[in-house]
file final_1.csv (CSV, C-alpha atoms)
chain,number,residue,atom,x,y,z
A,257,MET,CA,-16.6,-22.0,19.1
A,258,ASN,CA,-14.2,-21.3,16.4
A,259,ALA,CA,-15.2,-21.7,12.8
A,260,PRO,CA,-13.6,-24.7,11.0
A,261,ALA,CA,-10.5,-23.8,9.1
A,262,ILE,CA,-10.8,-23.6,5.3
A,263,PRO,CA,-8.5,-26.2,3.8
A,264,LEU,CA,-6.0,-24.5,1.4
A,265,PRO,CA,-4.8,-26.5,-1.6
A,266,ALA,CA,-1.1,-26.5,-2.4
A,267,GLY,CA,-0.3,-23.4,-4.4
A,268,CYS,CA,-3.5,-21.7,-3.3
A,269,PRO,CA,-4.0,-18.4,-5.2
A,270,ALA,CA,-5.3,-16.6,-2.1
A,271,GLU,CA,-2.2,-17.6,-0.2
A,272,ALA,CA,0.0,-16.4,-3.0
A,273,ALA,CA,-1.8,-13.0,-3.1
A,274,LEU,CA,-1.5,-12.5,0.6
A,275,ASP,CA,2.2,-13.5,0.6
A,276,VAL,CA,2.8,-10.6,-1.9
A,277,ILE,CA,0.8,-7.9,-0.2
A,278,ALA,CA,1.3,-9.0,3.4
A,279,GLY,CA,3.4,-6.8,5.7
A,280,LYS,CA,2.9,-3.9,7.9
A,281,TRP,CA,3.3,-1.3,5.2
A,282,LYS,CA,2.6,-2.8,1.8
A,283,GLY,CA,-1.1,-2.4,1.9
A,284,MET,CA,-0.8,1.3,2.7
A,285,LEU,CA,1.8,1.8,0.0
A,286,ILE,CA,-0.4,0.2,-2.6
A,287,PHE,CA,-3.3,2.3,-1.4
A,288,HIS,CA,-1.3,5.5,-1.8
A,289,LEU,CA,0.1,4.5,-5.1
A,290,LEU,CA,-3.4,4.0,-6.4
A,291,GLY,CA,-3.7,7.8,-6.3
A,292,GLY,CA,-0.9,8.1,-8.9
A,293,THR,CA,2.9,8.3,-9.1
A,294,ARG,CA,4.6,9.2,-5.9
A,295,ARG,CA,8.2,10.2,-4.9
A,296,PHE,CA,10.0,8.4,-2.0
A,297,ASN,CA,9.6,11.3,0.4
A,298,GLN,CA,5.9,11.7,-0.4
A,299,LEU,CA,5.3,8.0,0.5
A,300,GLN,CA,7.3,8.4,3.7
A,301,ARG,CA,5.1,11.4,4.7
A,302,MET,CA,2.0,9.5,3.9
A,303,CYS,CA,3.0,6.6,6.1
A,304,PRO,CA,3.8,8.1,9.5
A,305,GLY,CA,6.0,5.8,11.5
A,306,ILE,CA,7.8,4.1,8.6
A,307,ASN,CA,11.5,4.7,8.5
A,308,GLN,CA,13.6,5.1,5.4
A,309,ARG,CA,15.1,1.6,5.6
A,310,MET,CA,11.7,-0.1,5.9
A,311,LEU,CA,10.2,2.0,3.2
A,312,THR,CA,13.0,1.1,0.8
A,313,LYS,CA,12.7,-2.6,1.7
A,314,GLN,CA,8.9,-2.7,1.2
A,315,LEU,CA,9.1,-0.8,-2.1
A,316,ARG,CA,11.8,-3.2,-3.3
A,317,GLU,CA,9.7,-6.2,-2.4
A,318,LEU,CA,6.7,-4.8,-4.2
A,319,GLU,CA,8.9,-4.0,-7.2
A,320,ASP,CA,10.4,-7.5,-7.2
A,321,ALA,CA,6.8,-8.9,-7.1
A,322,GLY,CA,6.0,-6.8,-10.2
A,323,LEU,CA,3.5,-4.6,-8.5
A,324,VAL,CA,5.5,-1.4,-8.5
A,325,LEU,CA,7.5,0.4,-11.2
A,326,ARG,CA,10.5,2.4,-10.1
A,327,THR,CA,11.8,5.2,-12.4
A,328,VAL,CA,15.1,6.9,-11.7
A,329,HIS,CA,15.5,10.3,-13.4
A,330,PRO,CA,19.2,11.1,-14.2
A,331,VAL,CA,19.3,14.4,-12.3
A,332,VAL,CA,21.2,15.7,-9.3
A,333,PRO,CA,19.9,15.2,-6.7
A,334,PRO,CA,18.4,11.9,-7.7
A,335,HIS,CA,14.7,11.9,-8.5
A,336,VAL,CA,13.0,8.5,-8.1
A,337,ASP,CA,9.3,8.0,-8.9
A,338,TYR,CA,7.2,5.0,-7.9
A,339,GLN,CA,3.9,3.9,-9.5
A,340,LEU,CA,1.8,0.8,-9.7
A,341,SER,CA,2.4,-1.5,-12.6
A,342,GLU,CA,-0.6,-3.0,-14.6
A,343,LEU,CA,-0.5,-5.9,-12.2
A,344,GLY,CA,-0.4,-3.5,-9.2
A,345,LEU,CA,-3.3,-1.5,-10.6
A,346,ALA,CA,-5.3,-4.8,-10.7
A,347,LEU,CA,-5.4,-4.6,-6.9
A,348,GLN,CA,-7.7,-1.5,-7.0
A,349,PRO,CA,-10.9,-3.5,-6.5
A,350,VAL,CA,-9.2,-5.5,-3.7
A,351,MET,CA,-8.1,-2.3,-1.9
A,352,SER,CA,-11.5,-0.8,-2.4
A,353,SER,CA,-13.1,-3.8,-0.8
A,354,LEU,CA,-10.7,-3.7,2.1
A,355,GLN,CA,-11.5,0.0,2.6
A,356,GLN,CA,-15.2,-0.8,2.7
A,357,TRP,CA,-14.6,-3.6,5.2
A,358,GLY,CA,-12.4,-1.3,7.3
A,359,LYS,CA,-15.2,1.3,7.4
A,360,LEU,CA,-17.6,-1.5,8.6
A,361,TYR,CA,-15.1,-2.6,11.2
A,362,LEU,CA,-14.6,0.9,12.5
A,363,SER,CA,-18.4,1.4,12.7
A,364,HIS,CA,-18.5,-1.6,15.0
A,365,GLY,CA,-16.0,-0.1,17.4
A,366,GLY,CA,-12.8,-1.5,15.9
A,367,ARG,CA,-9.7,0.5,16.5
A,368,HIS,CA,-7.9,2.7,13.9
A,369,GLY,CA,-4.7,1.6,12.4
A,370,ARG,CA,-1.9,3.9,11.4
A,371,CYS,CA,-3.7,6.2,9.0
A,372,ARG,CA,-4.8,9.6,10.0
A,373,GLU,CA,-8.4,10.8,9.6
A,374,GLY,CA,-7.5,12.7,6.4
A,375,GLN,CA,-6.4,9.5,4.8
A,376,LEU,CA,-9.6,7.6,5.2
A,377,HIS,CA,-10.8,8.3,1.7
A,378,ASN,CA,-10.5,6.7,-1.6
A,379,PRO,CA,-7.6,8.2,-3.6
A,380,GLU,CA,-9.6,7.5,-6.8
A,381,GLU,CA,-12.4,9.8,-5.6
A,382,THR,CA,-10.4,12.8,-4.7
A,383,GLY,CA,-7.1,12.4,-6.5
A,384,GLN,CA,-5.3,13.2,-3.2
A,385,PRO,CA,-3.1,11.1,-1.0
call {"tool": "encode", "arguments": {"input": "final_1.csv", "output": "structure tokens"}}
result
Amino acid sequence: MNAPAIPLPAGCPAEAALDVIAGKWKGMLIFHLLGGTRRFNQLQRMCPGINQRMLTKQLRELEDAGLVLRTVHPVVPPHVDYQLSELGLALQPVMSSLQQWGKLYLSHGGRHGRCREGQLHNPEETGQP
């Protein structure tokens, strides 16, 4: 039997939060940006399978939502940095909880997502991507 659906009031905060961070890549981008400021190509390498167009789109949506700050340095070739805003950094406990749940899920035979074994750590613990 299915559990009964939880009624969501209009303007539900959980729905608003999920609307902002939902998407195939946004969670991974937020996770990697928790480790510090990243350049576009670094983020692309950290998310195998994402193409340039999709990465640009996802970063713009996170920027529009106020979670990511984009800094363009006036040099040639262009140098652009991305980092989490104060609002984006507030997602750290949420991402930590998701990571813990993911470990539990995997320990129960769940399948891996897109991340590689070397990325199954907390960026706060090691300071690495």
call {"tool": "closest_residue", "arguments": {"input": "final_1.csv", "among": "A:Ala272, A:Asp337, A:Val324, A:Val350", "to": "Gln298 of chain A", "atoms": "all atoms listed in the file"}}
result
A:Asp337
call {"tool": "closest_residue", "arguments": {"input": "final_1.csv", "among": "A:Val331, A:Ala278, A:Leu299, A:Leu325", "to": "Leu345 of chain A", "atoms": "all atoms listed in the file"}}
result
A:Leu325
call {"tool": "closest_residue", "arguments": {"input": "final_1.csv", "among": "A:Val328, A:Ile306, A:Leu360, A:Leu354", "to": "Phe287 of chain A", "atoms": "all atoms listed in the file"}}
result
A:Leu354
call {"tool": "atom_distance", "arguments": {"input": "final_1.csv", "atom1": "atom CA of Leu323 of chain A", "atom2": "atom CA of Ser341 of chain A"}}
result
5.3 Å
call {"tool": "closest_residue", "arguments": {"input": "final_1.csv", "among": "A:Lys359, A:Glu317, A:Met351, A:Met284", "to": "Arg301 of chain A", "atoms": "all atoms listed in the file"}}
result
A:Met284
call {"tool": "atom_distance", "arguments": {"input": "final_1.csv", "atom1": "atom CA of Ala321 of chain A", "atom2": "atom CA of Gln356 of chain A"}}
result
25.4 Å
call {"tool": "residues_around", "arguments": {"input": "final_1.csv", "residues": "Gln339 of chain A", "least_positions_apart": "4", "cutoff": "10 Å", "atoms": "only C-alpha atoms", "output": "list of chain:residue names"}}
result
A:Leu285, A:Ile286, A:His288, A:Leu289, A:Leu290, A:Gly291, A:Gly292, A:Thr293, A:Arg294, A:Arg295, A:Glu319, A:Leu323, A:Val324, A:Leu325, A:Arg326, A:Thr327, A:Gly344, A:Leu345
